[in-house]
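Visitor: My structure file query38.csv, CSV, C-alpha atoms, is below:
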```csv
chain,number,residue,atom,x,y,z
A,1,CYS,CA,-13.0,1.5,-30.8
A,2,VAL,CA,-10.4,4.2,-30.6
A,3,VAL,CA,-13.1,6.8,-29.8
A,4,PHE,CA,-15.1,4.9,-27.2
A,5,PHE,CA,-13.0,2.4,-25.3
A,6,ARG,CA,-11.0,4.7,-23.1
A,7,ILE,CA,-9.6,3.5,-19.8
A,8,ASN,CA,-11.4,5.0,-16.8
A,9,SER,CA,-10.6,2.6,-13.9
A,10,ILE,CA,-7.5,0.6,-13.0
A,11,GLU,CA,-7.8,-2.0,-10.2
A,12,VAL,CA,-5.0,-3.9,-8.6
A,13,ALA,CA,-5.3,-7.4,-6.9
A,14,GLY,CA,-2.9,-9.7,-5.2
A,15,ASN,CA,-0.5,-7.0,-4.0
A,16,VAL,CA,1.0,-7.2,-0.5
A,17,ARG,CA,4.4,-5.5,-0.5
A,18,TYR,CA,3.6,-2.7,-3.0
A,19,THR,CA,0.7,-0.4,-2.9
A,20,ALA,CA,-1.9,-0.2,-5.7
A,21,GLU,CA,-0.6,3.3,-6.5
A,22,GLU,CA,3.0,2.0,-6.9
A,23,ILE,CA,1.9,-0.8,-9.2
A,24,ILE,CA,-0.3,1.5,-11.3
A,25,GLU,CA,2.5,4.0,-11.7
A,26,ALA,CA,5.0,1.3,-12.7
A,27,SER,CA,2.5,0.0,-15.3
A,28,GLY,CA,2.6,3.2,-17.3
A,29,ILE,CA,-1.1,3.0,-17.9
A,30,ASN,CA,-2.9,6.3,-17.9
A,31,THR,CA,-6.7,7.0,-17.7
A,32,GLY,CA,-8.0,8.0,-21.1
A,33,GLU,CA,-5.6,5.6,-22.8
A,34,ASN,CA,-7.2,3.3,-25.4
A,35,LEU,CA,-8.2,0.0,-23.8
A,36,ILE,CA,-8.2,-2.1,-27.0
A,37,SER,CA,-4.7,-1.2,-28.0
A,38,LEU,CA,-3.2,-1.6,-24.5
A,39,SER,CA,-0.2,-4.0,-24.7
A,40,ARG,CA,-0.3,-6.6,-22.0
A,41,SER,CA,3.3,-7.6,-22.5
A,42,ARG,CA,4.5,-4.0,-22.2
A,43,VAL,CA,2.6,-3.4,-19.0
A,44,SER,CA,3.8,-6.7,-17.5
A,45,ALA,CA,7.4,-6.1,-18.4
A,46,ALA,CA,7.3,-2.5,-17.0
A,47,ILE,CA,5.9,-3.6,-13.6
A,48,CYS,CA,8.3,-6.6,-13.2
A,49,THR,CA,11.3,-4.5,-14.1
A,50,GLN,CA,10.5,-1.6,-11.8
A,51,LEU,CA,9.2,-3.6,-8.9
A,52,PRO,CA,11.6,-6.5,-8.2
A,53,TYR,CA,9.3,-8.4,-5.8
A,54,VAL,CA,6.6,-8.8,-8.5
A,55,GLU,CA,7.2,-12.1,-10.2
A,56,ASN,CA,4.2,-12.2,-12.6
A,57,VAL,CA,1.4,-9.9,-13.7
A,58,THR,CA,-1.9,-10.8,-15.3
A,59,ILE,CA,-3.7,-8.0,-17.2
A,60,LYS,CA,-7.4,-8.3,-17.6
A,61,LYS,CA,-9.3,-5.8,-19.8
A,62,VAL,CA,-12.8,-5.2,-18.6
A,63,LEU,CA,-15.1,-3.7,-21.2
A,64,PRO,CA,-16.0,-0.9,-21.7
A,65,ASP,CA,-13.4,1.0,-19.7
A,66,GLY,CA,-11.6,-1.0,-17.0
A,67,VAL,CA,-8.3,-2.7,-16.4
A,68,VAL,CA,-7.4,-5.2,-13.6
A,69,LEU,CA,-3.8,-5.8,-12.8
A,70,LYS,CA,-3.4,-9.1,-10.8
A,71,VAL,CA,0.2,-9.4,-9.4
A,72,GLU,CA,2.0,-12.3,-8.0
A,73,GLU,CA,4.7,-11.3,-5.5
A,74,ARG,CA,7.6,-13.2,-4.3
A,75,VAL,CA,9.2,-13.1,-0.8
A,76,ALA,CA,12.9,-12.9,-0.1
A,77,SER,CA,14.1,-16.5,0.4
A,78,ALA,CA,17.8,-16.2,0.7
A,79,THR,CA,20.8,-13.8,0.8
A,80,VAL,CA,24.0,-14.0,-1.2
A,81,ASP,CA,27.2,-12.1,-1.0
A,82,SER,CA,28.5,-9.6,-3.6
A,83,ALA,CA,31.4,-7.1,-3.8
A,84,GLU,CA,28.9,-4.4,-2.6
A,85,GLY,CA,27.4,-6.4,0.3
A,86,ARG,CA,24.7,-9.0,0.6
A,87,TRP,CA,21.6,-9.2,-1.6
A,88,LEU,CA,18.2,-10.7,-1.0
A,89,ILE,CA,17.0,-13.2,-3.7
A,90,SER,CA,13.8,-15.1,-4.3
A,91,ALA,CA,13.7,-18.9,-4.4
A,92,GLN,CA,13.8,-18.6,-8.2
A,93,GLY,CA,17.1,-16.6,-8.1
A,94,LYS,CA,15.7,-13.1,-8.8
A,95,LEU,CA,17.6,-10.3,-7.1
A,96,LEU,CA,15.3,-8.2,-5.0
A,97,GLU,CA,17.3,-5.6,-3.1
A,98,LYS,CA,20.3,-5.2,-0.9
A,99,ASP,CA,20.0,-6.9,2.5
A,100,ASN,CA,19.7,-4.4,5.3
A,101,GLY,CA,19.2,-7.2,7.9
A,102,THR,CA,15.5,-6.7,8.6
A,103,ILE,CA,14.3,-9.7,6.6
A,104,GLN,CA,14.9,-13.2,7.8
A,105,ALA,CA,16.2,-15.3,4.9
A,106,VAL,CA,18.6,-18.3,4.3
A,107,ASN,CA,22.2,-17.1,4.4
A,108,ILE,CA,24.0,-18.8,1.5
A,109,ILE,CA,27.7,-19.2,2.0
A,110,GLY,CA,29.8,-20.1,-1.1
A,111,LEU,CA,28.1,-18.0,-3.8
A,112,THR,CA,29.0,-14.5,-4.8
A,113,ALA,CA,26.7,-12.4,-7.0
A,114,VAL,CA,28.4,-10.8,-10.0
A,115,GLY,CA,27.0,-7.4,-11.2
A,116,PRO,CA,23.8,-7.6,-9.2
A,117,TYR,CA,20.9,-5.2,-9.8
A,118,PRO,CA,17.3,-5.1,-8.5
A,119,GLY,CA,15.1,-7.3,-10.7
A,120,GLY,CA,17.9,-9.2,-12.4
A,121,MET,CA,18.6,-12.9,-12.1
A,122,LEU,CA,21.5,-14.0,-9.9
A,123,GLN,CA,24.7,-14.3,-11.9
A,124,VAL,CA,27.9,-15.9,-10.5
A,125,ALA,CA,31.4,-16.6,-11.8
A,126,GLU,CA,32.0,-19.6,-14.0
A,127,GLU,CA,33.5,-21.8,-11.3
A,128,GLU,CA,30.3,-21.3,-9.2
A,129,GLN,CA,27.8,-22.2,-12.0
A,130,ASN,CA,27.3,-25.8,-10.8
A,131,THR,CA,26.9,-24.7,-7.2
A,132,LEU,CA,24.2,-22.2,-8.3
A,133,ARG,CA,22.3,-24.9,-10.1
A,134,TYR,CA,22.3,-27.1,-6.9
A,135,VAL,CA,21.3,-24.2,-4.7
A,136,ALA,CA,18.5,-23.1,-7.0
A,137,ALA,CA,17.1,-26.7,-7.1
A,138,LEU,CA,17.3,-27.0,-3.3
A,139,LEU,CA,15.6,-23.6,-2.7
A,140,ALA,CA,12.8,-24.5,-5.0
A,141,GLU,CA,12.1,-27.7,-3.1
A,142,LEU,CA,12.4,-25.9,0.3
A,143,GLU,CA,9.8,-23.3,-0.9
A,144,ILE,CA,7.4,-26.1,-2.0
A,145,ARG,CA,7.6,-27.8,1.4
A,146,GLY,CA,7.4,-24.5,3.4
A,147,TRP,CA,10.7,-25.1,5.0
A,148,LEU,CA,12.4,-21.8,4.2
A,149,SER,CA,11.2,-20.0,7.3
A,150,GLN,CA,12.9,-22.6,9.5
A,151,CYS,CA,16.2,-22.6,7.6
A,152,THR,CA,18.9,-20.1,8.5
A,153,VAL,CA,22.2,-21.0,6.7
A,154,LEU,CA,23.1,-23.0,3.6
A,155,ASP,CA,26.8,-23.7,3.4
A,156,CYS,CA,27.9,-24.9,0.0
A,157,THR,CA,31.7,-24.4,0.3
A,158,ALA,CA,32.5,-28.1,0.6
A,159,ALA,CA,33.5,-29.9,-2.5
A,160,THR,CA,31.0,-32.8,-2.4
A,161,SER,CA,28.2,-31.7,-0.1
A,162,MET,CA,26.0,-28.8,1.1
A,163,THR,CA,25.0,-28.3,4.7
A,164,LEU,CA,21.6,-26.7,5.6
A,165,ASP,CA,20.8,-25.4,9.1
A,166,TYR,CA,17.2,-26.4,9.7
A,167,GLY,CA,16.0,-25.6,13.1
A,168,ILE,CA,18.1,-27.5,15.6
A,169,TYR,CA,19.4,-29.8,12.9
A,170,GLN,CA,22.1,-29.6,10.2
A,171,VAL,CA,21.1,-31.5,7.1
A,172,LYS,CA,24.1,-32.6,5.0
A,173,LEU,CA,23.1,-33.1,1.4
A,174,PRO,CA,24.9,-34.3,-1.8
A,175,ARG,CA,25.8,-31.7,-4.4
A,176,GLY,CA,23.3,-32.6,-7.1
A,177,GLY,CA,20.6,-35.1,-7.4
A,178,ASP,CA,16.9,-35.1,-6.6
A,179,TYR,CA,16.4,-32.6,-3.7
A,180,GLY,CA,12.7,-33.4,-3.4
A,181,TYR,CA,13.7,-37.0,-2.7
A,182,TYR,CA,16.4,-36.0,-0.2
A,183,LEU,CA,13.9,-33.8,1.7
A,184,ARG,CA,11.3,-36.5,1.8
A,185,LEU,CA,14.0,-38.8,3.3
A,186,THR,CA,14.7,-36.1,5.9
A,187,GLU,CA,11.0,-35.7,6.8
A,188,SER,CA,10.6,-39.4,7.2
A,189,ALA,CA,13.7,-39.6,9.5
A,190,LEU,CA,12.4,-36.8,11.7
A,191,ALA,CA,8.9,-38.4,11.8
A,192,SER,CA,10.2,-42.0,12.5
A,193,GLY,CA,10.5,-41.6,16.3
A,194,LYS,CA,14.1,-42.8,16.2
A,195,ILE,CA,15.5,-39.3,16.8
A,196,PRO,CA,14.9,-38.1,20.4
A,197,ASP,CA,12.7,-35.0,20.6
A,198,GLY,CA,14.6,-31.8,21.2
A,199,VAL,CA,18.0,-33.4,20.5
A,200,GLY,CA,19.9,-31.5,17.8
A,201,GLY,CA,22.5,-32.9,15.5
A,202,THR,CA,23.4,-33.7,11.9
A,203,LEU,CA,21.2,-35.6,9.5
A,204,ASP,CA,23.7,-36.9,7.0
A,205,LEU,CA,22.3,-38.0,3.6
A,206,THR,CA,25.8,-38.5,2.0
A,207,VAL,CA,26.8,-41.7,3.9
A,208,ALA,CA,24.5,-44.3,2.2
A,209,GLU,CA,22.0,-44.0,-0.7
A,210,GLY,CA,18.4,-43.8,0.5
A,211,LYS,CA,19.4,-43.6,4.2
A,212,VAL,CA,19.8,-40.8,6.8
A,213,ASN,CA,22.6,-41.1,9.3
A,214,PHE,CA,21.9,-39.1,12.5
A,215,ARG,CA,24.7,-37.8,14.7
A,216,PRO,CA,23.6,-35.9,17.8
A,217,GLY,CA,25.4,-32.7,18.8
A,218,LYS,CA,27.5,-30.3,16.7
```
Let me see whether you can do it: turn the structure in this file into structure tokens.

Guide:
Amino acid sequence: CVVFFRINSIEVAGNVRYTAEEIIEASGINTGENLISLSRSRVSAAICTQLPYVENVTIKKVLPDGVVLKVEERVASATVDSAEGRWLISAQGKLLEKDNGTIQAVNIIGLTAVGPYPGGMLQVAEEEQNTLRYVAALLAELEIRGWLSQCTVLDCTAATSMTLDYGIYQVKLPRGGDYGYYLRLTESALASGKIPDGVGGTLDLTVAEGKVNFRPGK
């Protein structure tokens, strides 16, 4: 095995942001390296550490001499403040890079990243831990429903609620709870025909359980 199974070809699949050359270089795999003894965990960790937008890597060994690296990339979903400026994060809370203003993402107000670095997970001060949990749960649901591209600001500075700017609407949500349920209520309200087309306003889910209160205007 050591003599014959030498890596001769390395293919990359699933990449969008990074080139195949960048992913191969980050993997640390060299042609001529032994295929059988190649460590999948080492290669995956190396790529995810060096290339923050890569969320997951699947390594397939193709006998007798090939390797296929299938990557899953994440997009920037939101921005958070820090002492050094704003950072882009994925919906899972992974720090991607400093925000230079060229990527549209949800501007989160009320969270401050502590000790941020590319590829790390978002860390905040102890007094913001609960807020971070609520924000993470909401971002995950927004990603599932494809809402992120239509959201611009998430203000979580209030003591009992969070306000999401969604198109021409502001969606006022409780701090905590089932955000999948809250977003389904919001979708139902918008599809009910009771809200005039093109009229912006606030969709308030904090007034009564299971109901959406609409107030037109700012």

Visitor: When you count only C-alpha atoms, which of these residues is closest to Tyr18 in chain A: A:Glu209, A:Glu72, A:Asp204, A:Glu33?

Guide: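 Once distances to Tyr18 in chain A are computed over only C-alpha atoms, the minimum belongs to A:Glu72.
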
Visitor: Can you tell me, as a PDB file with C-alpha atoms, in the frame of the given file, what residues are no more than 9 Å from Ile24 in chain A when counting only C-alpha atoms, ignoring any on the same chain fewer than 3 positions away?

Guide:
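Output saved as around-v9.pdb:
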```pdb
ATOM      1  CA  ILE A  10      -7.500   0.600 -13.000  1.00  0.00           C
ATOM      2  CA  GLU A  11      -7.800  -2.000 -10.200  1.00  0.00           C
ATOM      3  CA  VAL A  12      -5.000  -3.900  -8.600  1.00  0.00           C
ATOM      4  CA  THR A  19       0.700  -0.400  -2.900  1.00  0.00           C
ATOM      5  CA  ALA A  20      -1.900  -0.200  -5.700  1.00  0.00           C
ATOM      6  CA  GLU A  21      -0.600   3.300  -6.500  1.00  0.00           C
ATOM      7  CA  SER A  27       2.500   0.000 -15.300  1.00  0.00           C
ATOM      8  CA  GLY A  28       2.600   3.200 -17.300  1.00  0.00           C
ATOM      9  CA  ILE A  29      -1.100   3.000 -17.900  1.00  0.00           C
ATOM     10  CA  ASN A  30      -2.900   6.300 -17.900  1.00  0.00           C
ATOM     11  CA  ILE A  47       5.900  -3.600 -13.600  1.00  0.00           C
ATOM     12  CA  LEU A  69      -3.800  -5.800 -12.800  1.00  0.00           C
TER      13      LEU A  69
END
```

Visitor: Quick one: pull the distance between CA of Leu35 in chain A and CA of Asn15 in chain A, Å, one decimal.

Guide: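 According to the coordinates, CA of Leu35 in chain A and CA of Asn15 in chain A are separated by 22.4 Å.
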
Visitor: In Å, rounded to a single decimal, give me how far CA of Cys156 in chain A is from CA of Leu205 in chain A.

Guide: 14.7 Å

Visitor: Show which residues sit within 7 Å of range 111-119 of chain A, as a PyMOL selection string. Count only C-alpha atoms, and ignore same-chain residues fewer than 6 positions away.

Guide: chain A and resi 49+52+80-82+94-97+125+128

Visitor: Compare A:Gly93, A:Ala136, A:Gln150, A:Pro216 by their minimum atom-to-atom distance to Gln123 in chain A, counting only C-alpha atoms, and give me the closest one.

Guide: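 Nearest to Gln123 in chain A: A:Gly93.
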
Visitor: Which residues, written as a ChimeraX atom specification, have at least one atom at most 7 Å from Asp155 in chain A, with only C-alpha atoms counted and residues fewer than 2 positions away on the same chain left out?

Guide: /A:108-110,153,157,162-164

Visitor: In Å, rounded to a single decimal, give me how far CA of Glu187 in chain A is from CA of Thr131 in chain A.

Guide: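 About the pair CA of Thr131 in chain A and CA of Glu187 in chain A: they are 23.9 Å apart.
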
Visitor: What would range 173-190 of chain A look like with N, CA, C and O atoms restored, written as a PDB file, keeping the file's coordinate frame?

Guide:
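Final output, part25.pdb:
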```pdb
ATOM      1  N   LEU A 173      23.641 -32.603   2.629  1.00  0.00           N
ATOM      2  CA  LEU A 173      23.100 -33.100   1.400  1.00  0.00           C
ATOM      3  C   LEU A 173      24.140 -33.217   0.298  1.00  0.00           C
ATOM      4  O   LEU A 173      25.118 -32.456   0.289  1.00  0.00           O
ATOM      5  N   PRO A 174      23.963 -34.160  -0.629  1.00  0.00           N
ATOM      6  CA  PRO A 174      24.900 -34.300  -1.800  1.00  0.00           C
ATOM      7  C   PRO A 174      24.799 -33.029  -2.651  1.00  0.00           C
ATOM      8  O   PRO A 174      23.778 -32.351  -2.690  1.00  0.00           O
ATOM      9  N   ARG A 175      25.859 -32.746  -3.356  1.00  0.00           N
ATOM     10  CA  ARG A 175      25.800 -31.700  -4.400  1.00  0.00           C
ATOM     11  C   ARG A 175      25.260 -32.315  -5.648  1.00  0.00           C
ATOM     12  O   ARG A 175      25.932 -33.064  -6.350  1.00  0.00           O
ATOM     13  N   GLY A 176      24.008 -31.990  -5.945  1.00  0.00           N
ATOM     14  CA  GLY A 176      23.300 -32.600  -7.100  1.00  0.00           C
ATOM     15  C   GLY A 176      22.425 -33.698  -6.716  1.00  0.00           C
ATOM     16  O   GLY A 176      22.517 -34.253  -5.625  1.00  0.00           O
ATOM     17  N   GLY A 177      21.523 -34.035  -7.616  1.00  0.00           N
ATOM     18  CA  GLY A 177      20.600 -35.100  -7.400  1.00  0.00           C
ATOM     19  C   GLY A 177      19.162 -34.554  -7.187  1.00  0.00           C
ATOM     20  O   GLY A 177      18.888 -33.381  -7.450  1.00  0.00           O
ATOM     21  N   ASP A 178      18.271 -35.405  -6.724  1.00  0.00           N
ATOM     22  CA  ASP A 178      16.900 -35.100  -6.600  1.00  0.00           C
ATOM     23  C   ASP A 178      16.641 -34.532  -5.150  1.00  0.00           C
ATOM     24  O   ASP A 178      16.507 -35.305  -4.197  1.00  0.00           O
ATOM     25  N   TYR A 179      16.577 -33.221  -5.015  1.00  0.00           N
ATOM     26  CA  TYR A 179      16.400 -32.600  -3.700  1.00  0.00           C
ATOM     27  C   TYR A 179      15.046 -32.859  -3.089  1.00  0.00           C
ATOM     28  O   TYR A 179      14.893 -32.868  -1.859  1.00  0.00           O
ATOM     29  N   GLY A 180      14.055 -33.026  -3.926  1.00  0.00           N
ATOM     30  CA  GLY A 180      12.700 -33.400  -3.400  1.00  0.00           C
ATOM     31  C   GLY A 180      12.807 -34.742  -2.710  1.00  0.00           C
ATOM     32  O   GLY A 180      12.227 -34.929  -1.628  1.00  0.00           O
ATOM     33  N   TYR A 181      13.522 -35.683  -3.302  1.00  0.00           N
ATOM     34  CA  TYR A 181      13.700 -37.000  -2.700  1.00  0.00           C
ATOM     35  C   TYR A 181      14.487 -36.913  -1.399  1.00  0.00           C
ATOM     36  O   TYR A 181      14.121 -37.514  -0.380  1.00  0.00           O
ATOM     37  N   TYR A 182      15.570 -36.113  -1.380  1.00  0.00           N
ATOM     38  CA  TYR A 182      16.400 -36.000  -0.200  1.00  0.00           C
ATOM     39  C   TYR A 182      15.567 -35.359   0.970  1.00  0.00           C
ATOM     40  O   TYR A 182      15.696 -35.782   2.130  1.00  0.00           O
ATOM     41  N   LEU A 183      14.743 -34.378   0.664  1.00  0.00           N
ATOM     42  CA  LEU A 183      13.900 -33.800   1.700  1.00  0.00           C
ATOM     43  C   LEU A 183      12.846 -34.682   2.214  1.00  0.00           C
ATOM     44  O   LEU A 183      12.496 -34.654   3.405  1.00  0.00           O
ATOM     45  N   ARG A 184      12.313 -35.525   1.336  1.00  0.00           N
ATOM     46  CA  ARG A 184      11.300 -36.500   1.800  1.00  0.00           C
ATOM     47  C   ARG A 184      11.991 -37.514   2.745  1.00  0.00           C
ATOM     48  O   ARG A 184      11.386 -37.919   3.753  1.00  0.00           O
ATOM     49  N   LEU A 185      13.227 -37.917   2.440  1.00  0.00           N
ATOM     50  CA  LEU A 185      14.000 -38.800   3.300  1.00  0.00           C
ATOM     51  C   LEU A 185      14.166 -38.138   4.708  1.00  0.00           C
ATOM     52  O   LEU A 185      14.027 -38.777   5.760  1.00  0.00           O
ATOM     53  N   THR A 186      14.504 -36.859   4.671  1.00  0.00           N
ATOM     54  CA  THR A 186      14.700 -36.100   5.900  1.00  0.00           C
ATOM     55  C   THR A 186      13.433 -36.042   6.724  1.00  0.00           C
ATOM     56  O   THR A 186      13.433 -36.256   7.950  1.00  0.00           O
ATOM     57  N   GLU A 187      12.319 -35.742   6.069  1.00  0.00           N
ATOM     58  CA  GLU A 187      11.000 -35.700   6.800  1.00  0.00           C
ATOM     59  C   GLU A 187      10.680 -37.037   7.377  1.00  0.00           C
ATOM     60  O   GLU A 187      10.205 -37.104   8.518  1.00  0.00           O
ATOM     61  N   SER A 188      10.932 -38.101   6.650  1.00  0.00           N
ATOM     62  CA  SER A 188      10.600 -39.400   7.200  1.00  0.00           C
ATOM     63  C   SER A 188      11.499 -39.762   8.379  1.00  0.00           C
ATOM     64  O   SER A 188      11.018 -40.357   9.354  1.00  0.00           O
ATOM     65  N   ALA A 189      12.773 -39.387   8.322  1.00  0.00           N
ATOM     66  CA  ALA A 189      13.700 -39.600   9.500  1.00  0.00           C
ATOM     67  C   ALA A 189      13.200 -38.887  10.695  1.00  0.00           C
ATOM     68  O   ALA A 189      13.194 -39.432  11.804  1.00  0.00           O
ATOM     69  N   LEU A 190      12.791 -37.632  10.524  1.00  0.00           N
ATOM     70  CA  LEU A 190      12.400 -36.800  11.700  1.00  0.00           C
ATOM     71  C   LEU A 190      11.026 -37.338  12.227  1.00  0.00           C
ATOM     72  O   LEU A 190      10.751 -37.151  13.419  1.00  0.00           O
TER      73      LEU A 190
END
```
